[in-house]
$ cat input37.pdb   # PDB, C-alpha atoms, pLDDT in the B column
ATOM      1  CA  MET M 246     -61.903  -5.235  21.945  1.00 93.00           C
ATOM      2  CA  ALA M 247     -59.773  -2.146  21.510  1.00 95.00           C
ATOM      3  CA  GLN M 248     -58.577  -0.268  18.422  1.00 97.00           C
ATOM      4  CA  PHE M 249     -54.820   0.237  18.512  1.00 97.00           C
ATOM      5  CA  SER M 250     -52.501   2.454  16.508  1.00 98.00           C
ATOM      6  CA  ILE M 251     -48.727   2.521  16.536  1.00 98.00           C
ATOM      7  CA  LEU M 252     -46.535   5.611  16.181  1.00 98.00           C
ATOM      8  CA  ILE M 253     -42.887   4.939  15.354  1.00 98.00           C
ATOM      9  CA  THR M 254     -40.549   7.896  15.883  1.00 98.00           C
ATOM     10  CA  SER M 255     -37.224   6.083  16.224  1.00 97.00           C
ATOM     11  CA  ALA M 256     -34.933   4.942  13.431  1.00 96.00           C
ATOM     12  CA  PRO M 257     -34.346   1.246  12.769  1.00 95.00           C
ATOM     13  CA  HIS M 258     -31.017  -0.361  13.761  1.00 89.00           C
ATOM     14  CA  ILE M 259     -29.990   2.154  16.460  1.00 89.00           C
ATOM     15  CA  ASN M 260     -31.968   0.405  19.183  1.00 91.00           C
ATOM     16  CA  ASP M 261     -34.535  -2.355  19.569  1.00 93.00           C
ATOM     17  CA  LYS M 262     -37.600  -0.120  19.396  1.00 96.00           C
ATOM     18  CA  GLY M 263     -38.356  -1.058  15.802  1.00 96.00           C
ATOM     19  CA  LEU M 264     -38.288  -4.761  16.591  1.00 96.00           C
ATOM     20  CA  SER M 265     -40.387  -4.179  19.709  1.00 97.00           C
ATOM     21  CA  ALA M 266     -42.901  -2.247  17.626  1.00 98.00           C
ATOM     22  CA  PHE M 267     -43.023  -5.058  15.094  1.00 97.00           C
ATOM     23  CA  ARG M 268     -43.580  -7.721  17.747  1.00 97.00           C
ATOM     24  CA  PHE M 269     -46.228  -5.553  19.369  1.00 98.00           C
ATOM     25  CA  ALA M 270     -47.982  -5.101  16.019  1.00 98.00           C
ATOM     26  CA  GLN M 271     -47.926  -8.847  15.409  1.00 97.00           C
ATOM     27  CA  THR M 272     -49.336  -9.486  18.864  1.00 97.00           C
ATOM     28  CA  VAL M 273     -52.201  -7.040  18.391  1.00 98.00           C
ATOM     29  CA  LEU M 274     -53.019  -8.483  14.965  1.00 97.00           C
ATOM     30  CA  ASN M 275     -53.126 -11.996  16.413  1.00 96.00           C
ATOM     31  CA  SER M 276     -55.335 -10.973  19.341  1.00 97.00           C
ATOM     32  CA  GLU M 277     -58.997 -10.072  19.618  1.00 97.00           C
ATOM     33  CA  HIS M 278     -57.966  -6.412  19.253  1.00 97.00           C
ATOM     34  CA  GLN M 279     -57.533  -4.475  16.020  1.00 97.00           C
ATOM     35  CA  LEU M 280     -54.646  -2.485  14.633  1.00 98.00           C
ATOM     36  CA  GLN M 281     -55.865   0.579  12.725  1.00 97.00           C
ATOM     37  CA  GLY M 282     -52.498   1.472  11.298  1.00 98.00           C
ATOM     38  CA  ILE M 283     -48.838   2.213  11.810  1.00 98.00           C
ATOM     39  CA  PHE M 284     -47.566   5.769  11.379  1.00 98.00           C
ATOM     40  CA  PHE M 285     -43.893   6.606  10.874  1.00 98.00           C
ATOM     41  CA  TYR M 286     -42.722  10.071  11.986  1.00 98.00           C
ATOM     42  CA  GLN M 287     -39.386  11.764  12.769  1.00 98.00           C
ATOM     43  CA  ASP M 288     -36.495   9.276  12.333  1.00 97.00           C
ATOM     44  CA  GLY M 289     -39.087   6.497  12.141  1.00 98.00           C
ATOM     45  CA  VAL M 290     -39.454   7.233   8.418  1.00 98.00           C
ATOM     46  CA  HIS M 291     -36.166   5.395   7.786  1.00 98.00           C
ATOM     47  CA  HIS M 292     -38.135   2.166   8.280  1.00 98.00           C
ATOM     48  CA  ALA M 293     -39.751   2.893   4.912  1.00 98.00           C
ATOM     49  CA  ASN M 294     -36.467   3.102   3.012  1.00 98.00           C
ATOM     50  CA  ALA M 295     -36.669   0.318   0.416  1.00 98.00           C
ATOM     51  CA  LEU M 296     -32.910   0.502  -0.232  1.00 96.00           C
ATOM     52  CA  GLN M 297     -31.945  -1.003   3.115  1.00 95.00           C
ATOM     53  CA  ILE M 298     -29.757  -4.061   2.627  1.00 93.00           C
ATOM     54  CA  ASN M 299     -30.166  -6.509   5.436  1.00 88.00           C
ATOM     55  CA  PRO M 300     -27.199  -8.606   6.545  1.00 85.00           C
ATOM     56  CA  SER M 301     -28.162 -12.248   6.065  1.00 83.00           C
ATOM     57  CA  SER M 302     -27.814 -13.001   9.753  1.00 81.00           C
ATOM     58  CA  GLY M 303     -30.366 -10.462  10.958  1.00 85.00           C
ATOM     59  CA  PHE M 304     -34.136 -10.198  10.872  1.00 93.00           C
ATOM     60  CA  ASP M 305     -35.257  -8.190   7.846  1.00 95.00           C
ATOM     61  CA  LEU M 306     -37.538  -5.625   9.477  1.00 97.00           C
ATOM     62  CA  TYR M 307     -38.390  -3.877   6.190  1.00 97.00           C
ATOM     63  CA  GLN M 308     -39.596  -7.187   4.776  1.00 97.00           C
ATOM     64  CA  GLY M 309     -41.360  -7.834   8.080  1.00 97.00           C
ATOM     65  CA  TRP M 310     -43.385  -4.609   7.826  1.00 98.00           C
ATOM     66  CA  THR M 311     -44.178  -5.347   4.198  1.00 98.00           C
ATOM     67  CA  ASN M 312     -45.430  -8.850   4.948  1.00 98.00           C
ATOM     68  CA  LEU M 313     -47.430  -7.617   7.920  1.00 97.00           C
ATOM     69  CA  ALA M 314     -49.137  -4.940   5.834  1.00 97.00           C
ATOM     70  CA  LEU M 315     -49.973  -7.323   3.012  1.00 97.00           C
ATOM     71  CA  THR M 316     -51.146 -10.170   5.246  1.00 97.00           C
ATOM     72  CA  HIS M 317     -53.331  -8.059   7.524  1.00 97.00           C
ATOM     73  CA  GLN M 318     -54.228  -5.109   5.269  1.00 95.00           C
ATOM     74  CA  CYS M 319     -52.626  -2.872   7.875  1.00 97.00           C
ATOM     75  CA  PRO M 320     -51.743   0.587   6.517  1.00 98.00           C
ATOM     76  CA  LEU M 321     -48.102   1.702   6.759  1.00 98.00           C
ATOM     77  CA  MET M 322     -48.316   5.504   6.782  1.00 98.00           C
ATOM     78  CA  VAL M 323     -45.213   7.663   6.456  1.00 98.00           C
ATOM     79  CA  CYS M 324     -45.106  11.397   7.193  1.00 98.00           C
ATOM     80  CA  VAL M 325     -44.199  12.925   3.849  1.00 98.00           C
ATOM     81  CA  THR M 326     -42.463  15.981   5.328  1.00 97.00           C
ATOM     82  CA  ALA M 327     -40.292  13.944   7.687  1.00 97.00           C
ATOM     83  CA  ALA M 328     -39.513  11.443   4.908  1.00 98.00           C
ATOM     84  CA  THR M 329     -38.573  13.850   2.126  1.00 98.00           C
ATOM     85  CA  LYS M 330     -36.341  15.774   4.547  1.00 96.00           C
ATOM     86  CA  ARG M 331     -34.450  12.533   5.178  1.00 97.00           C
ATOM     87  CA  GLY M 332     -34.231  11.400   1.568  1.00 98.00           C
ATOM     88  CA  VAL M 333     -37.008   8.824   1.681  1.00 98.00           C
ATOM     89  CA  LEU M 334     -38.925   9.596  -1.500  1.00 98.00           C
ATOM     90  CA  SER M 335     -41.984   8.185  -3.185  1.00 98.00           C
ATOM     91  CA  ALA M 336     -42.204   8.345  -6.981  1.00 98.00           C
ATOM     92  CA  ASN M 337     -44.390  11.452  -6.728  1.00 97.00           C
ATOM     93  CA  ASP M 338     -42.054  13.208  -4.297  1.00 97.00           C
ATOM     94  CA  ALA M 339     -39.011  12.358  -6.420  1.00 97.00           C
ATOM     95  CA  ALA M 340     -40.723  13.803  -9.505  1.00 97.00           C
ATOM     96  CA  ASP M 341     -41.827  16.920  -7.598  1.00 96.00           C
ATOM     97  CA  HIS M 342     -38.281  17.635  -6.454  1.00 96.00           C
ATOM     98  CA  ASP M 343     -36.397  16.553  -9.588  1.00 97.00           C
ATOM     99  CA  LYS M 344     -34.721  13.594  -7.897  1.00 97.00           C
ATOM    100  CA  THR M 345     -33.860  10.497  -9.891  1.00 95.00           C
ATOM    101  CA  ALA M 346     -34.106   7.886  -7.138  1.00 95.00           C
ATOM    102  CA  VAL M 347     -37.212   6.495  -5.483  1.00 98.00           C
ATOM    103  CA  ASN M 348     -37.021   4.517  -2.230  1.00 98.00           C
ATOM    104  CA  LEU M 349     -40.526   4.645  -0.792  1.00 98.00           C
ATOM    105  CA  SER M 350     -43.079   2.366  -2.350  1.00 97.00           C
ATOM    106  CA  ALA M 351     -46.128   0.277  -1.504  1.00 97.00           C
ATOM    107  CA  PRO M 352     -47.208  -0.954   0.941  1.00 98.00           C
ATOM    108  CA  PHE M 353     -45.695   2.157   2.576  1.00 98.00           C
ATOM    109  CA  GLU M 354     -47.565   5.372   1.719  1.00 98.00           C
ATOM    110  CA  ALA M 355     -46.326   8.973   2.015  1.00 98.00           C
ATOM    111  CA  LEU M 356     -49.051  11.024   3.709  1.00 98.00           C
ATOM    112  CA  GLY M 357     -49.586  14.202   5.695  1.00 97.00           C
ATOM    113  CA  LEU M 358     -49.867  14.399   9.469  1.00 97.00           C
ATOM    114  CA  GLY M 359     -53.604  14.935   9.014  1.00 96.00           C
ATOM    115  CA  GLU M 360     -53.878  11.223   8.257  1.00 96.00           C
ATOM    116  CA  LEU M 361     -52.426  10.558  11.699  1.00 96.00           C
ATOM    117  CA  ALA M 362     -55.114  12.749  13.257  1.00 96.00           C
ATOM    118  CA  VAL M 363     -57.738  10.631  11.487  1.00 96.00           C
ATOM    119  CA  LEU M 364     -56.000   7.475  12.685  1.00 96.00           C
ATOM    120  CA  LEU M 365     -55.922   8.740  16.275  1.00 96.00           C
ATOM    121  CA  SER M 366     -59.573   9.724  16.181  1.00 95.00           C
ATOM    122  CA  GLN M 367     -60.364   6.091  15.335  1.00 95.00           C
ATOM    123  CA  SER M 368     -58.095   4.599  17.992  1.00 96.00           C
ATOM    124  CA  ASP M 369     -58.597   3.819  21.657  1.00 95.00           C
ATOM    125  CA  ARG M 370     -54.899   3.328  22.260  1.00 95.00           C
ATOM    126  CA  LEU M 371     -51.798   4.799  20.684  1.00 96.00           C
ATOM    127  CA  VAL M 372     -48.480   3.142  21.428  1.00 97.00           C
ATOM    128  CA  GLN M 373     -45.282   5.014  20.561  1.00 97.00           C
ATOM    129  CA  PHE M 374     -41.935   3.385  19.856  1.00 97.00           C
TER     130      PHE M 374
ATOM    131  CA  MET H 105     -64.348  12.600  13.153  1.00 82.00           C
ATOM    132  CA  THR H 106     -64.280  11.630  16.823  1.00 87.00           C
ATOM    133  CA  GLN H 107     -62.434  14.176  18.900  1.00 92.00           C
ATOM    134  CA  ARG H 108     -59.730  12.712  21.110  1.00 93.00           C
ATOM    135  CA  HIS H 109     -57.625  14.369  23.743  1.00 94.00           C
ATOM    136  CA  ILE H 110     -54.004  14.272  22.658  1.00 96.00           C
ATOM    137  CA  THR H 111     -51.331  15.299  25.129  1.00 96.00           C
ATOM    138  CA  ILE H 112     -47.935  16.083  23.681  1.00 97.00           C
ATOM    139  CA  ILE H 113     -44.915  16.081  25.977  1.00 97.00           C
ATOM    140  CA  ALA H 114     -41.911  18.065  24.792  1.00 98.00           C
ATOM    141  CA  GLN H 115     -38.964  17.051  26.928  1.00 98.00           C
ATOM    142  CA  GLN H 116     -35.850  17.934  24.945  1.00 98.00           C
ATOM    143  CA  GLY H 117     -34.007  21.211  24.481  1.00 97.00           C
ATOM    144  CA  PRO H 118     -34.832  23.319  21.426  1.00 97.00           C
ATOM    145  CA  TYR H 119     -31.860  23.007  19.075  1.00 96.00           C
ATOM    146  CA  ALA H 120     -29.891  19.807  19.689  1.00 92.00           C
ATOM    147  CA  ASN H 121     -32.257  17.964  17.369  1.00 93.00           C
ATOM    148  CA  SER H 122     -35.539  18.543  15.553  1.00 93.00           C
ATOM    149  CA  ALA H 123     -37.780  17.098  18.283  1.00 96.00           C
ATOM    150  CA  GLY H 124     -39.075  20.523  19.357  1.00 97.00           C
ATOM    151  CA  GLN H 125     -40.008  21.552  15.825  1.00 96.00           C
ATOM    152  CA  ASP H 126     -41.529  18.118  15.203  1.00 97.00           C
ATOM    153  CA  ALA H 127     -43.647  18.361  18.370  1.00 98.00           C
ATOM    154  CA  LEU H 128     -44.899  21.777  17.290  1.00 97.00           C
ATOM    155  CA  ASP H 129     -45.754  20.581  13.757  1.00 96.00           C
ATOM    156  CA  PHE H 130     -47.465  17.571  15.265  1.00 97.00           C
ATOM    157  CA  ALA H 131     -49.498  19.692  17.705  1.00 97.00           C
ATOM    158  CA  MET H 132     -50.693  22.084  15.013  1.00 97.00           C
ATOM    159  CA  ALA H 133     -51.588  19.284  12.595  1.00 97.00           C
ATOM    160  CA  MET H 134     -53.648  17.442  15.212  1.00 97.00           C
ATOM    161  CA  ALA H 135     -55.475  20.662  16.196  1.00 97.00           C
ATOM    162  CA  ASN H 136     -56.092  21.470  12.513  1.00 96.00           C
ATOM    163  CA  PHE H 137     -57.867  18.157  12.216  1.00 95.00           C
ATOM    164  CA  GLY H 138     -60.199  18.820  15.119  1.00 95.00           C
ATOM    165  CA  GLN H 139     -58.384  17.037  17.907  1.00 95.00           C
ATOM    166  CA  HIS H 140     -58.094  18.514  21.402  1.00 95.00           C
ATOM    167  CA  VAL H 141     -54.419  19.121  22.080  1.00 96.00           C
ATOM    168  CA  ASN H 142     -52.567  19.711  25.342  1.00 96.00           C
ATOM    169  CA  LEU H 143     -48.926  20.703  25.014  1.00 97.00           C
ATOM    170  CA  VAL H 144     -46.725  20.146  28.052  1.00 97.00           C
ATOM    171  CA  PHE H 145     -43.067  21.063  28.474  1.00 98.00           C
ATOM    172  CA  MET H 146     -41.009  19.181  31.000  1.00 97.00           C
ATOM    173  CA  HIS H 147     -37.419  18.108  31.663  1.00 98.00           C
ATOM    174  CA  ASP H 148     -35.071  19.946  29.235  1.00 98.00           C
ATOM    175  CA  GLY H 149     -38.142  20.806  27.156  1.00 98.00           C
ATOM    176  CA  VAL H 150     -38.671  23.834  29.409  1.00 98.00           C
ATOM    177  CA  PHE H 151     -35.729  25.509  27.628  1.00 98.00           C
ATOM    178  CA  GLN H 152     -37.889  25.720  24.500  1.00 98.00           C
ATOM    179  CA  LEU H 153     -40.063  28.237  26.306  1.00 98.00           C
ATOM    180  CA  LEU H 154     -37.330  30.760  27.136  1.00 97.00           C
ATOM    181  CA  ALA H 155     -38.110  34.221  25.773  1.00 96.00           C
ATOM    182  CA  ASN H 156     -35.669  36.149  23.544  1.00 92.00           C
ATOM    183  CA  GLN H 157     -34.019  33.277  21.729  1.00 94.00           C
ATOM    184  CA  HIS H 158     -31.596  34.010  18.889  1.00 94.00           C
ATOM    185  CA  ALA H 159     -31.509  30.765  16.964  1.00 94.00           C
ATOM    186  CA  GLU H 160     -30.238  32.526  13.802  1.00 93.00           C
ATOM    187  CA  SER H 161     -26.858  32.904  15.475  1.00 93.00           C
ATOM    188  CA  ILE H 162     -26.427  29.121  15.373  1.00 92.00           C
ATOM    189  CA  PHE H 163     -27.911  28.859  11.858  1.00 92.00           C
ATOM    190  CA  ARG H 164     -31.249  27.576  13.079  1.00 92.00           C
ATOM    191  CA  LYS H 165     -34.780  28.821  12.608  1.00 91.00           C
ATOM    192  CA  ASP H 166     -36.389  30.073  15.800  1.00 93.00           C
ATOM    193  CA  PHE H 167     -39.426  27.781  15.692  1.00 95.00           C
ATOM    194  CA  THR H 168     -40.304  28.794  19.255  1.00 95.00           C
ATOM    195  CA  LYS H 169     -41.704  32.068  17.874  1.00 94.00           C
ATOM    196  CA  CYS H 170     -44.600  29.978  16.598  1.00 96.00           C
ATOM    197  CA  PHE H 171     -45.696  29.158  20.150  1.00 96.00           C
ATOM    198  CA  ALA H 172     -47.409  32.562  20.152  1.00 95.00           C
ATOM    199  CA  ALA H 173     -49.683  31.321  17.359  1.00 96.00           C
ATOM    200  CA  LEU H 174     -50.884  28.251  19.258  1.00 97.00           C
ATOM    201  CA  THR H 175     -53.772  30.245  20.714  1.00 96.00           C
ATOM    202  CA  TYR H 176     -55.296  30.251  17.189  1.00 96.00           C
ATOM    203  CA  TYR H 177     -55.243  26.454  17.294  1.00 96.00           C
ATOM    204  CA  ASP H 178     -56.981  26.399  20.686  1.00 96.00           C
ATOM    205  CA  ILE H 179     -53.788  24.999  22.167  1.00 97.00           C
ATOM    206  CA  GLU H 180     -53.777  27.140  25.279  1.00 94.00           C
ATOM    207  CA  PRO H 181     -52.497  27.561  27.803  1.00 94.00           C
ATOM    208  CA  ILE H 182     -49.125  25.967  27.160  1.00 97.00           C
ATOM    209  CA  TYR H 183     -48.257  23.928  30.228  1.00 98.00           C
ATOM    210  CA  VAL H 184     -44.859  23.751  31.880  1.00 98.00           C
ATOM    211  CA  CYS H 185     -43.725  21.526  34.730  1.00 98.00           C
ATOM    212  CA  GLN H 186     -42.799  23.617  37.765  1.00 98.00           C
ATOM    213  CA  ARG H 187     -40.470  20.952  39.087  1.00 97.00           C
ATOM    214  CA  SER H 188     -38.507  20.848  35.833  1.00 98.00           C
ATOM    215  CA  LEU H 189     -38.157  24.643  35.916  1.00 98.00           C
ATOM    216  CA  ALA H 190     -36.932  24.610  39.506  1.00 98.00           C
ATOM    217  CA  ALA H 191     -34.445  21.805  38.821  1.00 98.00           C
ATOM    218  CA  ARG H 192     -32.888  23.959  36.066  1.00 98.00           C
ATOM    219  CA  ASN H 193     -33.075  27.226  37.976  1.00 98.00           C
ATOM    220  CA  VAL H 194     -35.329  28.743  35.324  1.00 97.00           C
ATOM    221  CA  SER H 195     -37.756  31.369  36.564  1.00 97.00           C
ATOM    222  CA  PRO H 196     -41.283  31.466  35.091  1.00 96.00           C
ATOM    223  CA  ASN H 197     -40.524  35.166  34.458  1.00 96.00           C
ATOM    224  CA  ASP H 198     -37.918  34.147  31.874  1.00 96.00           C
ATOM    225  CA  LEU H 199     -40.513  32.347  29.768  1.00 97.00           C
ATOM    226  CA  ILE H 200     -42.684  33.531  26.892  1.00 95.00           C
ATOM    227  CA  VAL H 201     -46.205  34.678  27.748  1.00 91.00           C
ATOM    228  CA  GLY H 202     -49.188  32.329  27.778  1.00 91.00           C
ATOM    229  CA  VAL H 203     -47.496  29.596  29.785  1.00 96.00           C
ATOM    230  CA  GLU H 204     -49.160  28.019  32.791  1.00 97.00           C
ATOM    231  CA  THR H 205     -46.952  26.476  35.454  1.00 98.00           C
ATOM    232  CA  LEU H 206     -48.185  23.185  36.853  1.00 97.00           C
ATOM    233  CA  ASP H 207     -47.180  21.711  40.191  1.00 97.00           C
ATOM    234  CA  GLU H 208     -47.278  17.955  40.748  1.00 96.00           C
ATOM    235  CA  VAL H 209     -51.007  17.962  41.523  1.00 96.00           C
ATOM    236  CA  GLY H 210     -51.647  19.950  38.353  1.00 96.00           C
ATOM    237  CA  MET H 211     -49.516  17.583  36.280  1.00 95.00           C
ATOM    238  CA  GLN H 212     -51.337  14.569  37.688  1.00 94.00           C
ATOM    239  CA  ALA H 213     -54.708  16.153  36.915  1.00 93.00           C
ATOM    240  CA  LEU H 214     -53.624  16.779  33.322  1.00 91.00           C
ATOM    241  CA  PHE H 215     -52.855  13.113  32.763  1.00 90.00           C
ATOM    242  CA  LYS H 216     -56.067  11.832  34.314  1.00 88.00           C
ATOM    243  CA  THR H 217     -58.260  12.385  31.256  1.00 81.00           C
ATOM    244  CA  PRO H 218     -58.300   9.376  28.906  1.00 73.00           C
ATOM    245  CA  GLN H 219     -56.149  10.391  25.977  1.00 85.00           C
ATOM    246  CA  HIS H 220     -53.405   9.686  23.542  1.00 95.00           C
ATOM    247  CA  LEU H 221     -49.952  10.556  24.770  1.00 95.00           C
ATOM    248  CA  VAL H 222     -47.069  11.377  22.431  1.00 97.00           C
ATOM    249  CA  THR H 223     -43.556  12.180  23.598  1.00 97.00           C
ATOM    250  CA  PHE H 224     -40.918  14.191  21.783  1.00 97.00           C
TER     251      PHE H 224
END
$ encode --input "input37.pdb" --output "structure tokens"
Amino acid sequence: MAQFSILITSAPHINDKGLSAFRFAQTVLNSEHQLQGIFFYQDGVHHANALQINPSSGFDLYQGWTNLALTHQCPLMVCVTAATKRGVLSANDAADHDKTAVNLSAPFEALGLGELAVLLSQSDRLVQF
Amino acid sequence: MTQRHITIIAQQGPYANSAGQDALDFAMAMANFGQHVNLVFMHDGVFQLLANQHAESIFRKDFTKCFAALTYYDIEPIYVCQRSLAARNVSPNDLIVGVETLDEVGMQALFKTPQHLVTF
């Protein structure tokens, strides 16, 4: 049995990496292996934007991540620096920067890169999308 | 915390996007948290290592100045792919100090250790 982690550095919708990451996560969670967590960095933080409106015909990846996290207790960790720079704000970050809108909420969490170091130290395999 | 080897590949030029800065932030954060970090520049990433950059003239911050501080994070030497340099006609003499050029054997050796690999 191996401990996996996933690092997502690409934005949703511009290519199929997000969907590939999601299917990979599902596969790990349904295998004998374990998924320690999913970390969103660079343009990957756009996955955490709660204000995405999904066209009815397409798969709702935001909802997919949310369901996955809740069903499997899999942490969805978002780099706070990368996220705030791109306008993806938790309630705390919005308050800190005097912004009125909030678009990052549970089960996504805004965290520092140090949390990724902890995640990596607990993982045998990191897969980047 | 278990120490892992983390190899970071920087393969894009310095200013077309934020990948270079992000790789640097990532490297320093991992080292700060006790991980063993290798930083390798290849493909267009070798342009990040050119000495005497003037990023201010294109309204950017010269993040490459921070490479000099990597020694304090035990991220040394900084590795660069010889083949990528040659393909771009960049001489090792044009690069900042503290960079070690790796031929194909050296590159292969670097990737032999079990490790996490992150690409920017």
$ axis_aligned_box --input "input37.pdb" --around "range 204-208 of chain H" --padding-each-side "3 Å" --output "lines of an AutoDock Vina configuration file"
center_x = -48.1
center_y = 23.0
center_z = 36.8
size_x = 8.2
size_y = 16.1
size_z = 14.0
$ resolve_selection --input "input37.pdb" --expression "the ChimeraX specification (/H :<8) & /M" --output "PDB file with C-alpha atoms, keeping the file's coordinate frame"
ATOM      1  CA  GLN M 287     -39.386  11.764  12.769  1.00 98.00           C
ATOM      2  CA  LEU M 358     -49.867  14.399   9.469  1.00 97.00           C
ATOM      3  CA  GLY M 359     -53.604  14.935   9.014  1.00 96.00           C
ATOM      4  CA  LEU M 361     -52.426  10.558  11.699  1.00 96.00           C
ATOM      5  CA  ALA M 362     -55.114  12.749  13.257  1.00 96.00           C
ATOM      6  CA  VAL M 363     -57.738  10.631  11.487  1.00 96.00           C
ATOM      7  CA  LEU M 365     -55.922   8.740  16.275  1.00 96.00           C
ATOM      8  CA  SER M 366     -59.573   9.724  16.181  1.00 95.00           C
ATOM      9  CA  GLN M 367     -60.364   6.091  15.335  1.00 95.00           C
ATOM     10  CA  ARG M 370     -54.899   3.328  22.260  1.00 95.00           C
ATOM     11  CA  LEU M 371     -51.798   4.799  20.684  1.00 96.00           C
ATOM     12  CA  GLN M 373     -45.282   5.014  20.561  1.00 97.00           C
TER      13      GLN M 373
END
$ residues_around --input "input37.pdb" --residues "Leu174 in chain H" --least-positions-apart "4" --cutoff "10 Å" --atoms "all atoms listed in the file" --output "MDAnalysis selection string"
chainID H and resid 128 131:132 135 143 170 178:182 202
$ residues_around --input "input37.pdb" --residues "Gly263 in chain M" --least-positions-apart "2" --cutoff "12 Å" --atoms "all atoms listed in the file" --output "PyMOL selection string"
chain M and resi 251-261+265-270+283+285+288-293+304-307+309-310+373-374
$ write_last_selection --input "input37.pdb" --atoms "C-alpha atoms" --output "tab-separated table (two decimals), in the frame of the given file"
chain	number	residue	atom	x	y	z
M	251	ILE	CA	-48.73	2.52	16.54
M	252	LEU	CA	-46.54	5.61	16.18
M	253	ILE	CA	-42.89	4.94	15.35
M	254	THR	CA	-40.55	7.90	15.88
M	255	SER	CA	-37.22	6.08	16.22
M	256	ALA	CA	-34.93	4.94	13.43
M	257	PRO	CA	-34.35	1.25	12.77
M	258	HIS	CA	-31.02	-0.36	13.76
M	259	ILE	CA	-29.99	2.15	16.46
M	260	ASN	CA	-31.97	0.40	19.18
M	261	ASP	CA	-34.53	-2.36	19.57
M	265	SER	CA	-40.39	-4.18	19.71
M	266	ALA	CA	-42.90	-2.25	17.63
M	267	PHE	CA	-43.02	-5.06	15.09
M	268	ARG	CA	-43.58	-7.72	17.75
M	269	PHE	CA	-46.23	-5.55	19.37
M	270	ALA	CA	-47.98	-5.10	16.02
M	283	ILE	CA	-48.84	2.21	11.81
M	285	PHE	CA	-43.89	6.61	10.87
M	288	ASP	CA	-36.49	9.28	12.33
M	289	GLY	CA	-39.09	6.50	12.14
M	290	VAL	CA	-39.45	7.23	8.42
M	291	HIS	CA	-36.17	5.40	7.79
M	292	HIS	CA	-38.14	2.17	8.28
M	293	ALA	CA	-39.75	2.89	4.91
M	304	PHE	CA	-34.14	-10.20	10.87
M	305	ASP	CA	-35.26	-8.19	7.85
M	306	LEU	CA	-37.54	-5.62	9.48
M	307	TYR	CA	-38.39	-3.88	6.19
M	309	GLY	CA	-41.36	-7.83	8.08
M	310	TRP	CA	-43.38	-4.61	7.83
M	373	GLN	CA	-45.28	5.01	20.56
M	374	PHE	CA	-41.94	3.38	19.86
$ closest_residue --input "input37.pdb" --among "M:Gln297, M:Thr311, M:Thr316, M:Thr345" --to "Asn275 in chain M" --atoms "all atoms listed in the file"
M:Thr316
